[in-house]
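Undergrad: Pasting start.csv below, which is CSV, C-alpha atoms.
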```csv
chain,number,residue,atom,x,y,z
E,1,MET,CA,-79.7,38.5,15.8
E,2,LEU,CA,-80.1,35.7,18.2
E,3,LEU,CA,-81.0,33.4,15.4
E,4,PHE,CA,-77.8,34.4,13.6
E,5,LEU,CA,-75.7,33.8,16.7
E,6,PHE,CA,-77.4,30.4,17.2
E,7,VAL,CA,-76.7,29.4,13.6
E,8,LEU,CA,-73.1,30.6,13.9
E,9,VAL,CA,-72.5,28.6,17.1
E,10,CYS,CA,-74.0,25.5,15.5
E,11,CYS,CA,-71.7,25.9,12.5
E,12,LEU,CA,-68.7,26.3,14.8
E,13,LEU,CA,-69.7,23.2,16.8
E,14,CYS,CA,-70.1,21.2,13.6
E,15,CYS,CA,-66.8,22.4,12.3
E,16,GLU,CA,-65.2,21.6,15.7
E,17,LEU,CA,-66.6,18.0,15.7
E,18,ILE,CA,-65.5,17.5,12.1
E,19,SER,CA,-62.0,18.8,12.9
E,20,ARG,CA,-61.7,16.5,15.9
E,21,ARG,CA,-62.6,13.5,13.8
E,22,SER,CA,-60.4,14.4,10.9
E,23,VAL,CA,-57.5,16.3,12.6
E,24,PHE,CA,-54.9,14.1,10.8
E,25,LYS,CA,-56.9,13.4,7.7
E,26,GLY,CA,-55.1,14.9,4.7
E,27,LEU,CA,-52.1,15.8,6.9
E,28,THR,CA,-48.7,14.5,5.7
E,29,TYR,CA,-45.2,14.9,7.1
E,30,ASP,CA,-41.8,13.9,5.8
E,31,CYS,CA,-38.2,14.8,6.9
E,32,ARG,CA,-35.4,13.6,4.7
E,33,PRO,CA,-31.7,14.5,4.2
E,34,SER,CA,-30.6,16.2,1.0
E,35,SER,CA,-27.6,13.9,0.7
E,36,ARG,CA,-27.2,10.2,1.5
E,37,VAL,CA,-23.4,10.1,1.6
E,38,VAL,CA,-21.5,12.9,3.2
E,39,GLU,CA,-18.0,13.8,4.5
E,40,PRO,CA,-17.4,14.3,8.2
E,41,GLY,CA,-18.5,17.8,9.1
E,42,GLN,CA,-20.0,18.5,5.6
E,43,LEU,CA,-23.1,20.6,5.6
E,44,PHE,CA,-26.3,19.1,4.3
E,45,GLU,CA,-30.0,19.9,4.6
E,46,LEU,CA,-32.8,18.3,6.4
E,47,VAL,CA,-35.9,19.0,4.3
E,48,ALA,CA,-39.0,18.8,6.5
E,49,THR,CA,-42.3,19.0,4.6
E,50,LEU,CA,-45.7,19.5,6.1
E,51,GLU,CA,-48.8,19.5,4.0
E,52,ASN,CA,-52.5,20.1,4.9
E,53,ASN,CA,-54.7,18.7,2.1
E,54,LYS,CA,-58.1,19.3,3.7
E,55,TRP,CA,-60.4,22.3,3.6
E,56,LEU,CA,-60.1,22.9,7.3
E,57,PRO,CA,-57.1,24.7,8.9
E,58,VAL,CA,-54.9,23.1,11.5
E,59,SER,CA,-54.8,25.6,14.4
E,60,PHE,CA,-51.9,24.1,16.2
E,61,LEU,CA,-49.3,21.5,15.1
E,62,LYS,CA,-46.3,20.4,17.0
E,63,VAL,CA,-43.6,18.1,15.5
E,64,VAL,CA,-41.1,16.1,17.4
E,65,GLN,CA,-38.5,14.7,15.0
E,66,SER,CA,-35.9,12.0,16.0
E,67,LEU,CA,-32.4,12.7,14.7
E,68,PRO,CA,-28.9,11.1,15.2
E,69,ALA,CA,-27.5,11.8,18.6
E,70,ASP,CA,-24.4,13.7,17.5
E,71,ILE,CA,-26.0,15.8,14.8
E,72,GLN,CA,-25.1,19.5,14.7
E,73,LEU,CA,-27.6,22.0,13.6
E,74,ASP,CA,-26.7,25.4,12.1
E,75,ALA,CA,-28.7,28.3,13.6
E,76,TYR,CA,-32.0,26.5,14.1
E,77,LEU,CA,-34.6,28.7,15.8
E,78,GLY,CA,-36.7,25.9,17.3
E,79,ARG,CA,-36.0,23.8,20.4
E,80,PHE,CA,-33.4,21.1,20.2
E,81,SER,CA,-32.4,18.4,22.8
E,82,SER,CA,-30.1,15.4,22.7
E,83,ASP,CA,-28.9,12.6,24.8
E,84,VAL,CA,-26.5,9.6,24.3
E,85,THR,CA,-28.8,7.6,22.1
E,86,SER,CA,-30.7,10.2,20.0
E,87,ALA,CA,-31.6,13.9,19.5
E,88,ARG,CA,-35.0,15.5,19.2
E,89,LEU,CA,-36.0,18.5,17.2
E,90,TYR,CA,-39.2,20.4,18.3
E,91,SER,CA,-41.1,22.8,16.1
E,92,SER,CA,-44.7,24.1,15.9
E,93,CYS,CA,-46.7,25.9,13.3
E,94,TYR,CA,-50.2,26.7,12.0
E,95,LEU,CA,-51.4,25.4,8.7
E,96,MET,CA,-54.1,27.0,6.5
E,97,PRO,CA,-56.3,24.8,4.3
E,98,ARG,CA,-54.4,23.3,1.3
E,99,GLN,CA,-51.1,24.7,2.6
E,100,ARG,CA,-47.7,23.1,2.1
E,101,LEU,CA,-44.9,24.2,4.4
E,102,VAL,CA,-41.2,23.3,3.7
E,103,ARG,CA,-38.4,23.9,6.2
E,104,ARG,CA,-34.8,23.4,5.3
E,105,ILE,CA,-32.5,22.9,8.3
E,106,THR,CA,-28.7,23.0,7.8
E,107,ALA,CA,-26.9,20.2,9.6
E,108,SER,CA,-23.7,18.2,9.8
E,109,LEU,CA,-22.4,14.9,11.3
E,110,PRO,CA,-18.9,14.8,12.7
E,111,ARG,CA,-18.3,11.0,13.0
E,112,ARG,CA,-17.9,8.2,10.4
E,113,GLY,CA,-20.7,5.6,10.2
E,114,ARG,CA,-24.4,5.1,9.6
E,115,HIS,CA,-26.8,7.7,11.0
E,116,PHE,CA,-30.6,7.7,10.8
E,117,VAL,CA,-33.4,10.2,10.5
E,118,MET,CA,-36.3,8.1,11.8
E,119,ASP,CA,-39.8,8.4,13.3
E,120,ALA,CA,-41.5,11.6,14.2
E,121,THR,CA,-44.4,12.5,16.5
E,122,LEU,CA,-47.2,14.9,15.5
E,123,LEU,CA,-49.4,16.7,18.1
E,124,ALA,CA,-52.3,18.5,16.4
E,125,GLY,CA,-55.0,20.6,17.8
E,126,ASP,CA,-58.7,20.9,16.7
E,127,LEU,CA,-60.2,23.9,15.1
E,128,LEU,CA,-60.9,25.8,18.4
E,129,GLY,CA,-57.7,24.6,20.1
E,130,LEU,CA,-59.7,22.8,22.9
E,131,SER,CA,-57.9,19.4,22.6
E,132,GLN,CA,-54.9,17.7,21.1
E,133,GLN,CA,-54.3,14.4,19.3
E,134,GLN,CA,-51.1,12.5,18.7
E,135,ARG,CA,-49.9,10.4,15.7
E,136,ASP,CA,-46.6,8.7,15.1
E,137,ILE,CA,-45.1,9.0,11.7
E,138,HIS,CA,-42.9,6.1,10.6
E,139,GLN,CA,-40.0,6.9,8.3
E,140,PHE,CA,-36.4,5.7,7.8
E,141,TYR,CA,-33.7,7.7,6.1
E,142,GLU,CA,-30.0,6.7,6.2
E,143,ILE,CA,-27.0,9.0,6.1
E,144,VAL,CA,-23.5,7.4,5.6
E,145,VAL,CA,-20.6,9.5,6.8
E,146,LEU,CA,-17.3,8.6,5.1
E,147,PRO,CA,-13.9,8.1,6.9
E,148,ARG,CA,-12.0,11.3,7.4
E,149,ARG,CA,-9.2,12.1,5.0
E,150,VAL,CA,-5.7,11.4,6.4
E,151,GLU,CA,-3.4,14.4,6.9
E,152,ALA,CA,0.0,12.7,7.1
E,153,PRO,CA,2.4,14.0,4.4
E,154,ASP,CA,5.1,11.4,5.1
E,155,LEU,CA,2.7,8.5,4.6
E,156,SER,CA,1.1,10.0,1.6
E,157,GLN,CA,4.5,10.6,-0.1
E,158,ALA,CA,5.7,7.1,0.7
E,159,LEU,CA,2.6,5.6,-0.7
E,160,GLY,CA,2.9,7.8,-3.8
E,161,GLY,CA,6.5,6.6,-4.3
E,162,PHE,CA,5.3,3.0,-4.0
E,163,LEU,CA,2.6,3.6,-6.7
E,164,GLY,CA,5.2,5.1,-8.9
E,165,ASP,CA,7.2,1.9,-8.7
E,166,VAL,CA,4.1,0.0,-9.5
E,167,SER,CA,3.7,2.0,-12.7
E,168,VAL,CA,7.3,1.4,-13.7
E,169,GLN,CA,6.9,-2.3,-13.2
E,170,ARG,CA,4.6,-2.3,-16.2
E,171,PHE,CA,7.6,-2.1,-18.4
E,172,ILE,CA,9.5,-4.9,-16.7
E,173,LEU,CA,6.8,-7.6,-16.7
E,174,GLU,CA,5.9,-9.3,-20.0
E,175,ASP,CA,2.5,-10.6,-20.9
E,176,PRO,CA,2.9,-14.2,-22.3
E,177,VAL,CA,-0.4,-13.8,-24.2
E,178,LEU,CA,0.4,-10.6,-26.1
E,179,THR,CA,3.0,-11.4,-28.8
E,180,ILE,CA,4.2,-8.5,-30.9
E,181,GLY,CA,7.0,-10.2,-33.0
E,182,ALA,CA,10.1,-12.3,-32.7
E,183,ARG,CA,13.8,-11.7,-32.0
E,184,GLU,CA,17.0,-13.7,-32.1
E,185,TYR,CA,17.6,-16.2,-29.4
E,186,THR,CA,20.4,-15.1,-27.0
E,187,GLY,CA,20.6,-18.3,-24.9
E,188,HIS,CA,19.1,-16.7,-21.8
E,189,GLU,CA,15.4,-17.0,-22.8
E,190,PRO,CA,13.4,-20.1,-21.6
E,191,MET,CA,13.0,-22.8,-24.2
E,192,LYS,CA,9.2,-22.5,-24.2
E,193,THR,CA,9.5,-19.0,-25.7
E,194,ILE,CA,11.2,-20.2,-28.9
E,195,SER,CA,9.1,-19.5,-32.0
E,196,TRP,CA,9.7,-22.5,-34.3
E,197,LYS,CA,7.8,-20.9,-37.1
E,198,HIS,CA,10.1,-17.9,-37.2
E,199,SER,CA,13.1,-20.1,-36.6
E,200,VAL,CA,12.3,-22.2,-39.7
E,201,ARG,CA,11.7,-19.1,-41.8
E,202,THR,CA,14.9,-17.3,-40.9
E,203,GLY,CA,17.2,-20.3,-40.5
E,204,ARG,CA,18.2,-19.4,-36.9
E,205,LEU,CA,16.7,-19.7,-33.5
E,206,MET,CA,14.1,-17.0,-32.8
E,207,VAL,CA,12.1,-16.3,-29.6
E,208,LYS,CA,8.8,-14.7,-29.2
E,209,ASN,CA,8.8,-11.0,-28.3
E,210,PHE,CA,6.1,-10.3,-25.8
E,211,ASP,CA,4.4,-7.0,-25.1
E,212,HIS,CA,4.5,-5.5,-21.7
E,213,THR,CA,1.6,-5.9,-19.3
E,214,VAL,CA,-1.4,-3.9,-20.4
E,215,GLU,CA,-2.7,-3.1,-16.9
E,216,ASN,CA,-1.2,-2.7,-13.5
E,217,CYS,CA,-3.4,-4.0,-10.7
E,218,VAL,CA,-3.2,-3.4,-7.0
E,219,THR,CA,-5.2,-5.0,-4.2
E,220,VAL,CA,-5.9,-3.0,-1.1
E,221,LEU,CA,-6.2,-5.2,2.0
E,222,LEU,CA,-7.9,-3.7,5.1
E,223,ASN,CA,-7.3,-5.8,8.2
E,224,VAL,CA,-9.2,-4.9,11.4
E,225,ASP,CA,-8.3,-8.0,13.3
E,226,GLY,CA,-6.3,-6.8,16.3
E,227,GLY,CA,-7.8,-3.3,16.6
E,228,THR,CA,-8.1,-2.5,20.3
E,229,ASP,CA,-9.9,0.8,20.5
E,230,TYR,CA,-12.1,3.2,18.5
E,231,ASP,CA,-9.5,5.6,17.4
E,232,THR,CA,-7.2,2.8,16.0
E,233,MET,CA,-10.1,1.3,14.0
E,234,GLU,CA,-11.1,4.7,12.6
E,235,ARG,CA,-7.5,5.4,11.5
E,236,CYS,CA,-7.5,2.0,9.6
E,237,PHE,CA,-10.6,3.1,7.6
E,238,SER,CA,-9.0,6.5,6.9
E,239,LEU,CA,-5.8,4.9,5.7
E,240,ALA,CA,-7.8,2.6,3.4
E,241,ARG,CA,-9.5,5.6,2.0
E,242,MET,CA,-6.1,7.3,1.3
E,243,ALA,CA,-4.9,4.3,-0.6
E,244,VAL,CA,-8.0,4.0,-2.7
E,245,GLU,CA,-8.0,7.7,-3.6
E,246,GLN,CA,-4.3,7.7,-4.6
E,247,LEU,CA,-4.8,4.7,-6.8
E,248,GLU,CA,-7.8,6.4,-8.4
E,249,ALA,CA,-5.8,9.6,-8.9
E,250,LYS,CA,-2.9,7.7,-10.6
E,251,GLY,CA,-5.3,5.7,-12.8
E,252,ILE,CA,-4.2,2.3,-11.5
E,253,GLN,CA,-6.8,-0.5,-11.5
E,254,TYR,CA,-7.4,-1.9,-8.0
E,255,SER,CA,-9.5,-4.4,-6.0
E,256,PHE,CA,-10.4,-4.4,-2.4
E,257,LEU,CA,-10.4,-7.1,0.3
E,258,THR,CA,-11.3,-6.7,4.0
E,259,ASN,CA,-12.3,-8.7,7.0
E,260,ALA,CA,-14.4,-5.9,8.4
E,261,ALA,CA,-18.1,-6.3,8.7
E,262,THR,CA,-20.5,-3.8,7.2
E,263,ALA,CA,-24.1,-2.9,8.1
E,264,GLY,CA,-27.0,-1.9,5.9
E,265,ALA,CA,-27.7,-2.3,2.3
E,266,MET,CA,-24.2,-3.7,1.4
E,267,GLY,CA,-24.6,-6.8,3.6
E,268,ARG,CA,-21.4,-8.9,4.0
E,269,TRP,CA,-19.2,-6.5,2.0
E,270,SER,CA,-15.8,-8.1,2.0
E,271,GLU,CA,-14.6,-8.0,-1.6
E,272,VAL,CA,-14.7,-5.6,-4.5
E,273,ALA,CA,-13.3,-6.8,-7.9
E,274,ASP,CA,-10.8,-4.9,-10.0
E,275,GLY,CA,-12.0,-1.6,-11.4
E,276,LEU,CA,-11.4,2.1,-11.9
E,277,GLY,CA,-13.5,5.2,-12.0
E,278,GLY,CA,-15.8,7.3,-9.8
E,279,GLY,CA,-18.4,4.6,-9.4
E,280,HIS,CA,-15.8,2.1,-8.3
E,281,THR,CA,-14.3,4.4,-5.8
E,282,LYS,CA,-17.7,5.5,-4.5
E,283,ALA,CA,-18.7,1.9,-3.8
E,284,ILE,CA,-15.6,1.2,-1.8
E,285,LEU,CA,-15.8,4.5,0.2
E,286,GLU,CA,-19.4,3.9,1.0
E,287,GLY,CA,-18.5,0.5,2.3
E,288,LEU,CA,-15.8,2.1,4.5
E,289,GLY,CA,-18.4,4.4,5.8
E,290,ARG,CA,-20.8,1.6,6.6
E,291,ALA,CA,-18.1,-0.6,8.1
E,292,THR,CA,-18.4,-1.6,11.8
E,293,HIS,CA,-15.6,-2.7,14.2
E,294,ASP,CA,-16.7,-6.3,14.0
E,295,VAL,CA,-14.2,-8.8,12.5
E,296,LEU,CA,-15.5,-11.4,10.0
E,297,GLU,CA,-12.3,-13.5,9.7
E,298,SER,CA,-8.8,-13.6,11.1
E,299,PHE,CA,-5.8,-11.8,9.7
E,300,ASP,CA,-4.2,-15.0,8.5
E,301,SER,CA,-7.4,-16.0,6.7
E,302,LEU,CA,-7.5,-12.6,4.9
E,303,LEU,CA,-3.9,-13.0,3.8
E,304,TRP,CA,-4.7,-16.5,2.4
E,305,ARG,CA,-7.7,-15.1,0.5
E,306,ALA,CA,-5.5,-12.4,-1.0
E,307,VAL,CA,-2.8,-15.0,-2.1
E,308,ARG,CA,-5.5,-17.2,-3.8
E,309,ARG,CA,-6.7,-14.2,-5.8
E,310,SER,CA,-3.2,-12.9,-6.7
E,311,GLN,CA,-1.4,-13.2,-10.0
E,312,GLN,CA,1.8,-12.1,-11.7
E,313,GLY,CA,2.4,-8.4,-11.4
E,314,ARG,CA,-0.3,-7.7,-8.8
E,315,ALA,CA,0.9,-5.4,-6.0
E,316,HIS,CA,-0.7,-5.2,-2.6
E,317,ILE,CA,-1.3,-2.4,0.0
E,318,LEU,CA,-1.9,-3.8,3.4
E,319,VAL,CA,-3.6,-1.7,6.1
E,320,THR,CA,-3.4,-3.0,9.7
E,321,PRO,CA,-4.1,-1.6,13.2
E,322,GLN,CA,-0.6,-2.4,14.5
E,323,ALA,CA,2.7,-1.9,12.7
E,324,ILE,CA,3.9,-5.2,11.2
E,325,PRO,CA,7.6,-5.6,10.3
E,326,ALA,CA,8.4,-6.3,6.7
E,327,SER,CA,10.2,-9.5,7.8
E,328,ASP,CA,7.0,-11.0,9.4
E,329,PRO,CA,6.8,-14.6,8.1
E,330,ARG,CA,3.1,-14.3,7.6
E,331,LEU,CA,3.7,-11.8,4.8
E,332,ALA,CA,6.3,-14.0,2.9
E,333,ARG,CA,3.8,-15.8,0.6
E,334,LEU,CA,1.9,-12.6,-0.2
E,335,ARG,CA,5.2,-10.8,-0.9
E,336,GLU,CA,6.3,-13.6,-3.2
E,337,HIS,CA,3.1,-13.4,-5.2
E,338,SER,CA,3.5,-9.6,-5.3
E,339,ARG,CA,7.1,-9.9,-6.5
E,340,GLY,CA,8.1,-7.7,-3.7
E,341,MET,CA,5.5,-5.1,-4.4
E,342,LEU,CA,3.9,-5.0,-0.9
E,343,PHE,CA,3.3,-1.7,0.9
E,344,LEU,CA,2.4,-1.6,4.6
E,345,LEU,CA,0.2,1.0,6.3
E,346,SER,CA,-0.7,0.9,10.0
E,347,ALA,CA,-2.9,2.9,12.3
E,348,GLU,CA,-0.1,2.9,14.9
E,349,VAL,CA,2.3,4.6,12.5
E,350,LEU,CA,-0.4,7.2,11.6
E,351,ALA,CA,-1.0,7.9,15.3
E,352,GLN,CA,2.8,8.6,15.7
E,353,GLU,CA,2.7,10.9,12.7
E,354,GLU,CA,-0.2,12.8,14.1
E,355,GLU,CA,1.5,13.2,17.4
E,356,ARG,CA,4.7,14.6,15.8
E,357,SER,CA,2.6,16.9,13.7
E,358,ALA,CA,0.7,18.2,16.8
E,359,ALA,CA,4.0,18.7,18.7
E,360,SER,CA,5.6,20.7,15.9
```
Can you give me the file's structure in the form of structure tokens?
TA:
Amino acid sequence: MLLFLFVLVCCLLCCELISRRSVFKGLTYDCRPSSRVVEPGQLFELVATLENNKWLPVSFLKVVQSLPADIQLDAYLGRFSSDVTSARLYSSCYLMPRQRLVRRITASLPRRGRHFVMDATLLAGDLLGLSQQQRDIHQFYEIVVLPRRVEAPDLSQALGGFLGDVSVQRFILEDPVLTIGAREYTGHEPMKTISWKHSVRTGRLMVKNFDHTVENCVTVLLNVDGGTDYDTMERCFSLARMAVEQLEAKGIQYSFLTNAATAGAMGRWSEVADGLGGGHTKAILEGLGRATHDVLESFDSLLWRAVRRSQQGRAHILVTPQAIPASDPRLARLREHSRGMLFLLSAEVLAQEEERSAAS
């Protein structure tokens, strides 16, 4: 009996020594979000995975996970604490040999911008629970929260009417490249449109008959130069989103120019070429989610960049922090290139609309 106890104690001591030396061997941890791009307040999951790949159990394991400071968790049973810079999620468990544990935590983020699920700290006990060891797990997952959608019916209706006018303009402007025939000269057409081949054939002056423009194009300009506070800047991003989504809904090709800086994978994101479709819209909206309040260039420089890229029939939607009168001389050249098709959206007007809506 004593011999058996002695052998048992020796085995336990051996296992204890082995567990102390290999407490983190074969132990993996990962916590990642289920979605990389989300709406403000949209629910998503944090998927935390613990795996013990060795033949010894882990008698005690504590996980301290760093999370974004303003994250909101839905009915989580563990301990949760947060401060101005970050939040921490505390959990503990026991892992059997070769066991894989997956926890899904429902969360949401209320504010636009980039948020990070970063490093975690593991505290693991030995086989007998006599000591603890610590290991830092380095990880980096990004969550981009898009600008909130604007709830301003008057602005939405006005923008919708403007886009209707853009669609009508397609049947007014002619494309000098697409010739669909010839018609008799009336005396009002430019001399360069005369078709001498048709004139010789018919014996009277004939002019080329051009097709209408095949595509309408709109450029959305987002200016953040002059934004004075956080709410004003956020309203600018929301207005840009409203313009992009309405263009997509009406099937009008559009490009995007901005003087706002962005952070992360998109680098110096200041221009998106003409396009249409879900992928095009997604790229612009993600850029709006990543945008910071830093200004890359002045408002005048942004307008000049838009004028240099403009051509006949291209309309413009300009989003600015403050309301700009239509008679502002800085807009004259852009309006001339847009043939009058220039629509102004401002965060200041949106704030007034929201105040009236709240009062009523």
Undergrad: Of the candidates E:Arg308, E:Lys250, E:His280, E:His316, which shows the shortest atom-to-atom distance to Gly160 in chain E, using all atoms listed in the file?
TA: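 For Gly160 in chain E, the nearest of the candidates is E:Lys250.
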Undergrad: Do you have the CA of Thr49 in chain E-CA of Thr28 in chain E distance handy?
TA: 7.9 Å
Undergrad: If we count all atoms listed in the file, what is near Leu221 in chain E at a cut-off of 9 Å, once residues fewer than 3 positions away on the same chain are taken out, given as a PyMOL selection string?
TA: chain E and resi 240+255-259+302-303+306+316-320
Undergrad: Next, write the just-selected residues to a file, as a PDB file, in the frame of the given file, keeping C-alpha atoms as the atom set.
TA:
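Result went into out-v4.pdb, see below:
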```
ATOM      1  CA  ALA E 240      -7.800   2.600   3.400  1.00  0.00           C
ATOM      2  CA  SER E 255      -9.500  -4.400  -6.000  1.00  0.00           C
ATOM      3  CA  PHE E 256     -10.400  -4.400  -2.400  1.00  0.00           C
ATOM      4  CA  LEU E 257     -10.400  -7.100   0.300  1.00  0.00           C
ATOM      5  CA  THR E 258     -11.300  -6.700   4.000  1.00  0.00           C
ATOM      6  CA  ASN E 259     -12.300  -8.700   7.000  1.00  0.00           C
ATOM      7  CA  LEU E 302      -7.500 -12.600   4.900  1.00  0.00           C
ATOM      8  CA  LEU E 303      -3.900 -13.000   3.800  1.00  0.00           C
ATOM      9  CA  ALA E 306      -5.500 -12.400  -1.000  1.00  0.00           C
ATOM     10  CA  HIS E 316      -0.700  -5.200  -2.600  1.00  0.00           C
ATOM     11  CA  ILE E 317      -1.300  -2.400   0.000  1.00  0.00           C
ATOM     12  CA  LEU E 318      -1.900  -3.800   3.400  1.00  0.00           C
ATOM     13  CA  VAL E 319      -3.600  -1.700   6.100  1.00  0.00           C
ATOM     14  CA  THR E 320      -3.400  -3.000   9.700  1.00  0.00           C
TER      15      THR E 320
END
```
Undergrad: In Å to one decimal, how far is CA of Tyr141 in chain E from CA of Leu123 in chain E?
TA: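 Rounded to one decimal, the two atoms are 21.7 Å apart.
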Undergrad: With all atoms listed in the file as the counted atoms, please give the residues lying no more than 6 Å from range 52-69 of chain E, apart from itself and same-chain residues fewer than 5 positions off, as a VMD selection string.
TA: chain E and resid 26 to 27 85 to 99 115 to 125 127
Undergrad: Gln352 in chain E: which residues within 12 Å, counting only C-alpha atoms, same-chain residues fewer than 6 positions away excluded, as a list in words?
TA: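 Residues near the query, excluding close chain neighbours: Ala152, Asp154, Leu155, Thr232, Arg235, Gln322, Ala323, Ser346, Ala358 and Ala359 of chain E.
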Undergrad: For CA of Arg148 in chain E and CA of Ala249 in chain E, determine how far apart the two atoms are, in Å to one decimal place.
TA: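 CA of Ala249 in chain E lies 17.5 Å from CA of Arg148 in chain E.
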Undergrad: With distances taken over only C-alpha atoms, which residue among E:Gly275, E:Arg356, E:Val307, E:Gly113 lies nearest Ala332 in chain E?
TA: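 Of E:Gly275, E:Arg356, E:Val307, E:Gly113, the one nearest Ala332 in chain E, counting only C-alpha atoms, is E:Val307.
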Undergrad: Kindly extract all protein, DNA and RNA residues lying within 12 Å of the coordinates (-8.1, 4.4, 4.1) given in the file, considering all atoms listed in the file, and supply them as a VMD selection string.
TA: chain E and resid 146 to 152 155 to 156 159 220 to 224 233 to 247 256 258 281 284 to 289 291 317 to 321 345 to 347 350
Undergrad: Out of E:Val166, E:Ile143, E:Ala283, E:Ile252, which residue has the shortest atom-to-atom distance to Leu46 in chain E when counting all atoms listed in the file?
TA: E:Ile143
Undergrad: Which residue out of E:Ile105, E:Ala48, E:Ala260, E:Leu342 has the minimum interatomic distance to Ala326 in chain E when only C-alpha atoms are used?
TA: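 Looking at the shortest contact to Ala326 in chain E, the residue is E:Leu342.
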Undergrad: Counting all atoms listed in the file, which residue out of E:Leu163, E:Met341, E:Leu50, E:Leu331 sits closest to Gln253 in chain E?
TA: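 Looking only at the distances to Gln253 in chain E, the closest residue turns out to be E:Leu163.
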Undergrad: Looking at all atoms listed in the file, which of E:Arg330, E:Ser298, E:Pro325, E:Tyr254 is the one that sits closest to Ser310 in chain E?
TA: E:Tyr254
